[in-house]
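One file, run_29.pdb, is given below (PDB, C-alpha atoms, pLDDT in the B column).
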```
MODEL        1
ATOM      1  CA  MET A   3      57.856  20.756 -40.386  1.00 86.00           C
ATOM      2  CA  LYS A   4      54.931  22.640 -41.905  1.00 94.00           C
ATOM      3  CA  VAL A   5      51.583  23.965 -40.722  1.00 96.00           C
ATOM      4  CA  SER A   6      48.709  25.624 -42.529  1.00 97.00           C
ATOM      5  CA  GLY A   7      45.367  27.101 -41.623  1.00 97.00           C
ATOM      6  CA  PRO A   8      43.228  30.208 -41.608  1.00 98.00           C
ATOM      7  CA  ALA A   9      44.573  33.366 -40.002  1.00 98.00           C
ATOM      8  CA  ILE A  10      43.124  34.980 -36.929  1.00 97.00           C
ATOM      9  CA  LYS A  11      44.612  38.425 -36.631  1.00 97.00           C
ATOM     10  CA  PHE A  12      45.478  40.475 -33.544  1.00 96.00           C
ATOM     11  CA  GLY A  13      47.322  43.760 -33.137  1.00 95.00           C
ATOM     12  CA  LYS A  14      50.500  44.799 -31.378  1.00 96.00           C
ATOM     13  CA  ASN A  15      51.390  44.458 -27.695  1.00 96.00           C
ATOM     14  CA  ILE A  16      49.097  41.496 -27.047  1.00 96.00           C
ATOM     15  CA  ASP A  17      50.169  40.670 -23.514  1.00 95.00           C
ATOM     16  CA  THR A  18      49.937  37.426 -21.594  1.00 95.00           C
ATOM     17  CA  ASP A  19      47.217  38.886 -19.359  1.00 94.00           C
ATOM     18  CA  VAL A  20      45.050  39.280 -22.451  1.00 95.00           C
ATOM     19  CA  ILE A  21      46.025  35.895 -23.871  1.00 96.00           C
ATOM     20  CA  LEU A  22      45.011  34.232 -20.596  1.00 95.00           C
ATOM     21  CA  PRO A  23      43.589  36.419 -17.814  1.00 93.00           C
ATOM     22  CA  GLY A  24      45.135  35.891 -14.376  1.00 91.00           C
ATOM     23  CA  LYS A  25      41.909  34.683 -12.786  1.00 94.00           C
ATOM     24  CA  TYR A  26      42.255  31.439 -14.774  1.00 94.00           C
ATOM     25  CA  LEU A  27      45.741  30.592 -13.519  1.00 93.00           C
ATOM     26  CA  VAL A  28      44.132  28.341 -10.894  1.00 94.00           C
ATOM     27  CA  LEU A  29      43.121  25.933 -13.684  1.00 94.00           C
ATOM     28  CA  VAL A  30      45.532  23.075 -14.306  1.00 93.00           C
ATOM     29  CA  ASP A  31      43.950  21.207 -17.225  1.00 96.00           C
ATOM     30  CA  PRO A  32      45.275  22.766 -20.462  1.00 96.00           C
ATOM     31  CA  TYR A  33      41.909  22.204 -22.160  1.00 97.00           C
ATOM     32  CA  ASP A  34      40.226  24.230 -19.420  1.00 97.00           C
ATOM     33  CA  LEU A  35      42.799  27.000 -19.962  1.00 96.00           C
ATOM     34  CA  ALA A  36      42.052  26.887 -23.694  1.00 97.00           C
ATOM     35  CA  LYS A  37      38.396  27.719 -23.088  1.00 97.00           C
ATOM     36  CA  HIS A  38      39.484  31.180 -21.917  1.00 97.00           C
ATOM     37  CA  ALA A  39      42.218  31.999 -24.442  1.00 97.00           C
ATOM     38  CA  LEU A  40      41.945  35.581 -25.718  1.00 97.00           C
ATOM     39  CA  GLU A  41      38.369  35.843 -24.438  1.00 94.00           C
ATOM     40  CA  GLY A  42      38.780  39.546 -23.646  1.00 91.00           C
ATOM     41  CA  LEU A  43      39.601  40.366 -27.276  1.00 94.00           C
ATOM     42  CA  ASP A  44      37.373  37.848 -28.986  1.00 95.00           C
ATOM     43  CA  PRO A  45      34.857  35.880 -26.892  1.00 94.00           C
ATOM     44  CA  ASP A  46      34.427  33.469 -29.829  1.00 95.00           C
ATOM     45  CA  PHE A  47      38.148  32.779 -30.186  1.00 96.00           C
ATOM     46  CA  PRO A  48      38.090  29.335 -28.515  1.00 95.00           C
ATOM     47  CA  ASP A  49      35.358  28.164 -30.911  1.00 95.00           C
ATOM     48  CA  LYS A  50      37.176  29.589 -33.940  1.00 95.00           C
ATOM     49  CA  ALA A  51      40.491  28.079 -32.899  1.00 96.00           C
ATOM     50  CA  LYS A  52      39.130  24.527 -32.511  1.00 94.00           C
ATOM     51  CA  LYS A  53      39.350  24.102 -36.282  1.00 90.00           C
ATOM     52  CA  GLY A  54      43.106  24.752 -36.231  1.00 96.00           C
ATOM     53  CA  VAL A  55      44.267  28.302 -36.873  1.00 98.00           C
ATOM     54  CA  ILE A  56      47.373  30.408 -37.241  1.00 98.00           C
ATOM     55  CA  ILE A  57      47.480  33.567 -35.154  1.00 98.00           C
ATOM     56  CA  VAL A  58      48.974  36.626 -36.827  1.00 98.00           C
ATOM     57  CA  GLY A  59      50.181  39.279 -34.414  1.00 97.00           C
ATOM     58  CA  GLY A  60      51.864  42.635 -34.549  1.00 97.00           C
ATOM     59  CA  LYS A  61      54.941  43.749 -32.657  1.00 97.00           C
ATOM     60  CA  ASN A  62      55.687  42.550 -29.124  1.00 97.00           C
ATOM     61  CA  PHE A  63      53.286  39.599 -29.084  1.00 97.00           C
ATOM     62  CA  GLY A  64      53.238  37.926 -25.671  1.00 96.00           C
ATOM     63  CA  CYS A  65      54.610  40.824 -23.651  1.00 95.00           C
ATOM     64  CA  GLY A  66      53.825  41.112 -19.948  1.00 90.00           C
ATOM     65  CA  SER A  67      54.204  38.460 -17.294  1.00 85.00           C
ATOM     66  CA  SER A  68      56.142  35.297 -17.970  1.00 83.00           C
ATOM     67  CA  ARG A  69      53.274  32.856 -17.413  1.00 86.00           C
ATOM     68  CA  GLU A  70      53.675  29.736 -19.480  1.00 90.00           C
ATOM     69  CA  GLN A  71      49.932  29.141 -19.279  1.00 94.00           C
ATOM     70  CA  ALA A  72      49.426  31.767 -22.014  1.00 96.00           C
ATOM     71  CA  PRO A  73      51.046  29.785 -24.853  1.00 96.00           C
ATOM     72  CA  LEU A  74      49.644  26.584 -23.339  1.00 96.00           C
ATOM     73  CA  ALA A  75      46.098  27.977 -23.613  1.00 97.00           C
ATOM     74  CA  LEU A  76      46.734  28.895 -27.249  1.00 97.00           C
ATOM     75  CA  LYS A  77      48.164  25.485 -28.126  1.00 97.00           C
ATOM     76  CA  TYR A  78      45.303  23.553 -26.551  1.00 97.00           C
ATOM     77  CA  SER A  79      42.681  25.831 -28.092  1.00 97.00           C
ATOM     78  CA  GLY A  80      43.779  24.682 -31.559  1.00 97.00           C
ATOM     79  CA  VAL A  81      46.403  27.255 -32.530  1.00 98.00           C
ATOM     80  CA  LYS A  82      48.890  25.587 -34.871  1.00 98.00           C
ATOM     81  CA  CYS A  83      51.368  28.457 -34.904  1.00 97.00           C
ATOM     82  CA  VAL A  84      51.783  32.120 -34.021  1.00 98.00           C
ATOM     83  CA  VAL A  85      53.369  34.368 -36.635  1.00 98.00           C
ATOM     84  CA  ALA A  86      54.111  37.887 -35.419  1.00 98.00           C
ATOM     85  CA  GLU A  87      56.211  40.902 -36.296  1.00 97.00           C
ATOM     86  CA  THR A  88      58.133  40.388 -33.023  1.00 97.00           C
ATOM     87  CA  PHE A  89      57.693  38.453 -29.784  1.00 96.00           C
ATOM     88  CA  ALA A  90      58.440  39.142 -26.172  1.00 95.00           C
ATOM     89  CA  ARG A  91      61.498  37.013 -25.414  1.00 94.00           C
ATOM     90  CA  ILE A  92      59.999  35.022 -22.531  1.00 94.00           C
ATOM     91  CA  PHE A  93      56.768  34.268 -24.415  1.00 96.00           C
ATOM     92  CA  PHE A  94      58.784  33.063 -27.415  1.00 96.00           C
ATOM     93  CA  ARG A  95      60.778  30.610 -25.309  1.00 95.00           C
ATOM     94  CA  ASN A  96      57.774  29.485 -23.238  1.00 96.00           C
ATOM     95  CA  ALA A  97      55.935  28.718 -26.493  1.00 96.00           C
ATOM     96  CA  ILE A  98      58.829  26.611 -27.779  1.00 96.00           C
ATOM     97  CA  ASN A  99      59.123  24.846 -24.421  1.00 96.00           C
ATOM     98  CA  ILE A 100      55.492  23.720 -24.517  1.00 96.00           C
ATOM     99  CA  GLY A 101      55.616  22.835 -28.231  1.00 96.00           C
ATOM    100  CA  LEU A 102      53.779  25.781 -29.787  1.00 97.00           C
ATOM    101  CA  PRO A 103      55.550  26.906 -32.977  1.00 97.00           C
ATOM    102  CA  VAL A 104      56.251  30.647 -33.157  1.00 97.00           C
ATOM    103  CA  ILE A 105      58.026  32.581 -35.864  1.00 96.00           C
ATOM    104  CA  GLU A 106      58.847  36.237 -36.466  1.00 97.00           C
ATOM    105  CA  CYS A 107      57.912  37.664 -39.839  1.00 97.00           C
ATOM    106  CA  LYS A 108      58.411  41.337 -40.648  1.00 96.00           C
ATOM    107  CA  GLY A 109      55.523  42.822 -42.616  1.00 95.00           C
ATOM    108  CA  ILE A 110      53.080  40.001 -41.883  1.00 96.00           C
ATOM    109  CA  SER A 111      50.471  42.226 -40.202  1.00 94.00           C
ATOM    110  CA  ALA A 112      49.908  44.353 -43.296  1.00 95.00           C
ATOM    111  CA  ALA A 113      49.922  41.355 -45.646  1.00 96.00           C
ATOM    112  CA  VAL A 114      47.249  39.244 -43.945  1.00 97.00           C
ATOM    113  CA  ASP A 115      43.525  39.697 -43.423  1.00 96.00           C
ATOM    114  CA  GLU A 116      41.389  37.690 -41.042  1.00 96.00           C
ATOM    115  CA  GLY A 117      40.565  34.336 -42.640  1.00 97.00           C
ATOM    116  CA  ASP A 118      43.406  34.312 -45.176  1.00 98.00           C
ATOM    117  CA  GLU A 119      44.839  30.823 -45.638  1.00 98.00           C
ATOM    118  CA  LEU A 120      48.453  30.679 -44.466  1.00 98.00           C
ATOM    119  CA  SER A 121      51.206  28.103 -44.772  1.00 98.00           C
ATOM    120  CA  VAL A 122      54.378  28.111 -42.662  1.00 97.00           C
ATOM    121  CA  ASP A 123      57.414  25.968 -43.461  1.00 95.00           C
ATOM    122  CA  PHE A 124      59.812  26.125 -40.519  1.00 93.00           C
ATOM    123  CA  GLU A 125      62.637  24.235 -42.188  1.00 91.00           C
ATOM    124  CA  ALA A 126      62.555  26.317 -45.373  1.00 93.00           C
ATOM    125  CA  GLY A 127      61.918  29.545 -43.457  1.00 94.00           C
ATOM    126  CA  THR A 128      58.865  30.608 -45.437  1.00 96.00           C
ATOM    127  CA  VAL A 129      55.475  32.054 -44.589  1.00 97.00           C
ATOM    128  CA  GLN A 130      52.963  32.110 -47.417  1.00 97.00           C
ATOM    129  CA  ASN A 131      49.639  33.864 -47.661  1.00 97.00           C
ATOM    130  CA  LEU A 132      47.970  31.434 -50.041  1.00 97.00           C
ATOM    131  CA  SER A 133      44.865  33.615 -50.333  1.00 97.00           C
ATOM    132  CA  LYS A 134      46.819  36.572 -51.678  1.00 97.00           C
ATOM    133  CA  GLY A 135      49.775  34.841 -53.331  1.00 95.00           C
ATOM    134  CA  LYS A 136      52.340  36.541 -51.085  1.00 96.00           C
ATOM    135  CA  SER A 137      55.412  34.857 -49.668  1.00 96.00           C
ATOM    136  CA  PHE A 138      57.870  35.904 -46.962  1.00 97.00           C
ATOM    137  CA  GLN A 139      61.329  34.601 -46.247  1.00 96.00           C
ATOM    138  CA  VAL A 140      61.957  34.396 -42.491  1.00 96.00           C
ATOM    139  CA  ALA A 141      64.786  33.179 -40.313  1.00 91.00           C
ATOM    140  CA  LYS A 142      64.814  29.399 -40.179  1.00 90.00           C
ATOM    141  CA  LEU A 143      64.358  27.919 -36.749  1.00 90.00           C
ATOM    142  CA  PRO A 144      67.531  26.169 -35.564  1.00 92.00           C
ATOM    143  CA  PRO A 145      67.550  22.342 -35.707  1.00 93.00           C
ATOM    144  CA  PHE A 146      67.411  21.981 -31.910  1.00 94.00           C
ATOM    145  CA  ILE A 147      64.242  24.138 -31.784  1.00 94.00           C
ATOM    146  CA  LEU A 148      62.657  22.117 -34.610  1.00 95.00           C
ATOM    147  CA  GLU A 149      63.498  18.966 -32.648  1.00 95.00           C
ATOM    148  CA  ILE A 150      61.798  20.319 -29.509  1.00 95.00           C
ATOM    149  CA  LEU A 151      58.709  21.311 -31.515  1.00 95.00           C
ATOM    150  CA  SER A 152      58.626  17.972 -33.315  1.00 94.00           C
ATOM    151  CA  ASP A 153      58.691  16.167 -29.962  1.00 95.00           C
ATOM    152  CA  GLY A 154      55.787  18.284 -28.679  1.00 94.00           C
ATOM    153  CA  GLY A 155      57.803  20.405 -26.258  1.00 94.00           C
ATOM    154  CA  LEU A 156      60.927  20.467 -24.130  1.00 94.00           C
ATOM    155  CA  ILE A 157      59.836  17.869 -21.546  1.00 90.00           C
ATOM    156  CA  GLU A 158      59.004  15.286 -24.216  1.00 92.00           C
ATOM    157  CA  ASN A 159      62.230  16.153 -26.024  1.00 89.00           C
ATOM    158  CA  LEU A 160      64.240  15.517 -22.859  1.00 93.00           C
ATOM    159  CA  ARG A 161      62.381  12.254 -22.178  1.00 92.00           C
ATOM    160  CA  ARG A 162      63.146  11.030 -25.685  1.00 90.00           C
ATOM    161  CA  ARG A 163      66.793  11.994 -25.441  1.00 89.00           C
ATOM    162  CA  MET A 164      67.190  10.379 -22.005  1.00 91.00           C
ATOM    163  CA  LYS A 165      65.947   7.051 -23.395  1.00 89.00           C
ATOM    164  CA  LYS A 166      68.824   6.942 -25.899  1.00 80.00           C
TER     165      LYS A 166
ENDMDL
END
```
Any chance you could give the structure as structure tokens?
Amino acid sequence: MKVSGPAIKFGKNIDTDVILPGKYLVLVDPYDLAKHALEGLDPDFPDKAKKGVIIVGGKNFGCGSSREQAPLALKYSGVKCVVAETFARIFFRNAINIGLPVIECKGISAAVDEGDELSVDFEAGTVQNLSKGKSFQVAKLPPFILEILSDGGLIENLRRRMKK
């Protein structure tokens, strides 16, 4: 499983309230949620993300409340993957559960500029900055996580497995 795309970079401690402000939690359509993803940090983010992007974050990405709408808004806005120094535990698992690939990569913040072309190979455990010729070895995602992501999230994974 691989993804590639241009980087959109954010700093450390990006919390779920910033990813998707609480006033939008009344929305149920994930595409409506996506229209408001990260609007407080970058009002143009939803338009940029439509092309398919990889978010690069600093430490503690996704901290704050445990709302699963935050990774959902990112996924449906066009985010292919989030690569960060570290993640808040609940955000990490919520992202996997809804089928948004996330991976921790030490040193990624300093090695990537906005717009750099990135490639992430989850099975090989590599993150490459193709624009700068830099490569990082990261922890490979376990097979069961890759299976959930490949199925598009935990619910679809369970549906597929129940049919067997």
Subject >> Non-local contacts of Val122 in chain A (6 Å; all atoms listed in the file; under 5 positions in same chain excluded) as a count of residues only >> reply: 4
**OP:** Tell me which of A:Ile16, A:Cys83, A:Val140, A:Leu160 sits closest to Lys108 in chain A, counting all atoms listed in the file.
**Re:** A:Val140
**OP:** Please provide the set of residues having any atom within 10 Å of Asn159 in chain A, restricted to all atoms listed in the file, with same-chain residues fewer than 4 positions apart removed, written as an MDAnalysis selection string.
**Re:** chainID A and resid 99 101 146 149:155 163:164
Original post:
Expanded to explicit residues, what is the PyMOL selection byres ((chain A and resi 7) around 12) for this file, as a PyMOL selection string?
Top reply: chain A and resi 4-6+8-10+50-58+80-85+116-122+129-133
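Between CA of Leu143 in chain A and CA of Phe89 in chain A the separation is 14.3 Å.
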Original post:
Do you know which residues the PyMOL selection byres ((chain A and resi 66-70) around 12) returns on this file, as a ChimeraX atom specification?
Top reply: /A:15-24,26-27,30,32,35,62-65,71-77,89-102
Original post:
What does the distance from CA of Glu125 in chain A to CA of Cys107 in chain A come to in Å, to one decimal?
Top reply: 14.4 Å
**OP:** Return the single residue from A:Arg161, A:Lys142, A:Lys61, A:Lys136 that is closest to Gly13 in chain A, with distances computed using all atoms listed in the file.
**Re:**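 Ranked by minimum distance to Gly13 in chain A, first place goes to A:Lys61.
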Original post:
Could you work out how far CA of Met3 in chain A lies from CA of Leu40 in chain A, giving the answer in Å with one decimal?
Top reply: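 Result for CA of Leu40 in chain A versus CA of Met3 in chain A: 26.2 Å, one decimal.
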Subject >> Using all atoms listed in the file: which of A:Ala36, A:Ala126, A:Leu148, A:Leu156 has the shortest distance to Tyr78 in chain A >> reply: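 The answer is A:Ala36, which sits nearest to Tyr78 in chain A.
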Original post:
Using all atoms listed in the file, which of the listed residues (A:Asp46, A:Ala39, A:Pro145, A:Gly59) sits closest to Asp115 in chain A?
Top reply: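 Of A:Asp46, A:Ala39, A:Pro145, A:Gly59, the one nearest Asp115 in chain A, counting all atoms listed in the file, is A:Gly59.
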Mind working out the centre and edge lengths of an axis-aligned box for range 73-90 of chain A, all listed atoms inside, 5 Å added to each side, rounded to one decimal in Å and written as lines of an AutoDock Vina configuration file?
```
center_x = 50.6
center_y = 32.2
center_z = -30.0
size_x = 25.8
size_y = 27.3
size_z = 23.3
```
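Nearest-residue note for Thr88 in chain A: choosing from A:Ile105, A:Ala112, A:Ala141, A:Lys25, the minimum distance belongs to A:Ile105, counting all atoms listed in the file.
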Write out N, CA and C atoms for range 46-65 of chain A, as a short mmCIF file (atom, residue, chain, number, x, y, z; two decimals), in the frame of the given file.
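Full text of selection.cif as output:
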```cif
data_model
loop_
_atom_site.label_atom_id
_atom_site.label_comp_id
_atom_site.auth_asym_id
_atom_site.auth_seq_id
_atom_site.Cartn_x
_atom_site.Cartn_y
_atom_site.Cartn_z
N ASP A 46 34.63 34.66 -28.99
CA ASP A 46 34.43 33.47 -29.83
C ASP A 46 35.73 32.79 -30.23
N PHE A 47 36.86 33.33 -29.78
CA PHE A 47 38.15 32.78 -30.19
C PHE A 47 38.26 31.27 -29.93
N PRO A 48 37.93 30.78 -28.73
CA PRO A 48 38.09 29.34 -28.52
C PRO A 48 37.31 28.48 -29.52
N ASP A 49 36.12 28.91 -29.91
CA ASP A 49 35.36 28.16 -30.91
C ASP A 49 36.01 28.24 -32.29
N LYS A 50 36.50 29.41 -32.65
CA LYS A 50 37.18 29.59 -33.94
C LYS A 50 38.45 28.76 -34.02
N ALA A 51 39.19 28.73 -32.92
CA ALA A 51 40.49 28.08 -32.90
C ALA A 51 40.40 26.56 -32.96
N LYS A 52 39.29 25.99 -32.54
CA LYS A 52 39.13 24.53 -32.51
C LYS A 52 39.41 23.89 -33.86
N LYS A 53 39.17 24.62 -34.93
CA LYS A 53 39.35 24.10 -36.28
C LYS A 53 40.82 24.06 -36.69
N GLY A 54 41.68 24.68 -35.89
CA GLY A 54 43.11 24.75 -36.23
C GLY A 54 43.40 26.03 -36.98
N VAL A 55 44.03 26.98 -36.29
CA VAL A 55 44.27 28.30 -36.87
C VAL A 55 45.72 28.72 -36.69
N ILE A 56 46.08 29.75 -37.40
CA ILE A 56 47.37 30.41 -37.24
C ILE A 56 47.09 31.84 -36.79
N ILE A 57 47.64 32.19 -35.64
CA ILE A 57 47.48 33.57 -35.15
C ILE A 57 48.51 34.44 -35.84
N VAL A 58 48.08 35.60 -36.29
CA VAL A 58 48.97 36.63 -36.83
C VAL A 58 48.93 37.80 -35.86
N GLY A 59 50.10 38.18 -35.37
CA GLY A 59 50.18 39.28 -34.41
C GLY A 59 51.11 40.38 -34.89
N GLY A 60 50.99 41.51 -34.25
CA GLY A 60 51.86 42.64 -34.55
C GLY A 60 53.14 42.55 -33.74
N LYS A 61 53.69 43.69 -33.44
CA LYS A 61 54.94 43.75 -32.66
C LYS A 61 54.67 43.42 -31.20
N ASN A 62 55.66 42.79 -30.57
CA ASN A 62 55.69 42.55 -29.12
C ASN A 62 54.60 41.58 -28.66
N PHE A 63 54.30 40.58 -29.46
CA PHE A 63 53.29 39.60 -29.08
C PHE A 63 53.76 38.82 -27.86
N GLY A 64 52.90 38.69 -26.87
CA GLY A 64 53.24 37.93 -25.67
C GLY A 64 53.99 38.70 -24.61
N CYS A 65 53.93 40.01 -24.67
CA CYS A 65 54.61 40.82 -23.65
C CYS A 65 53.89 40.66 -22.31
#
```
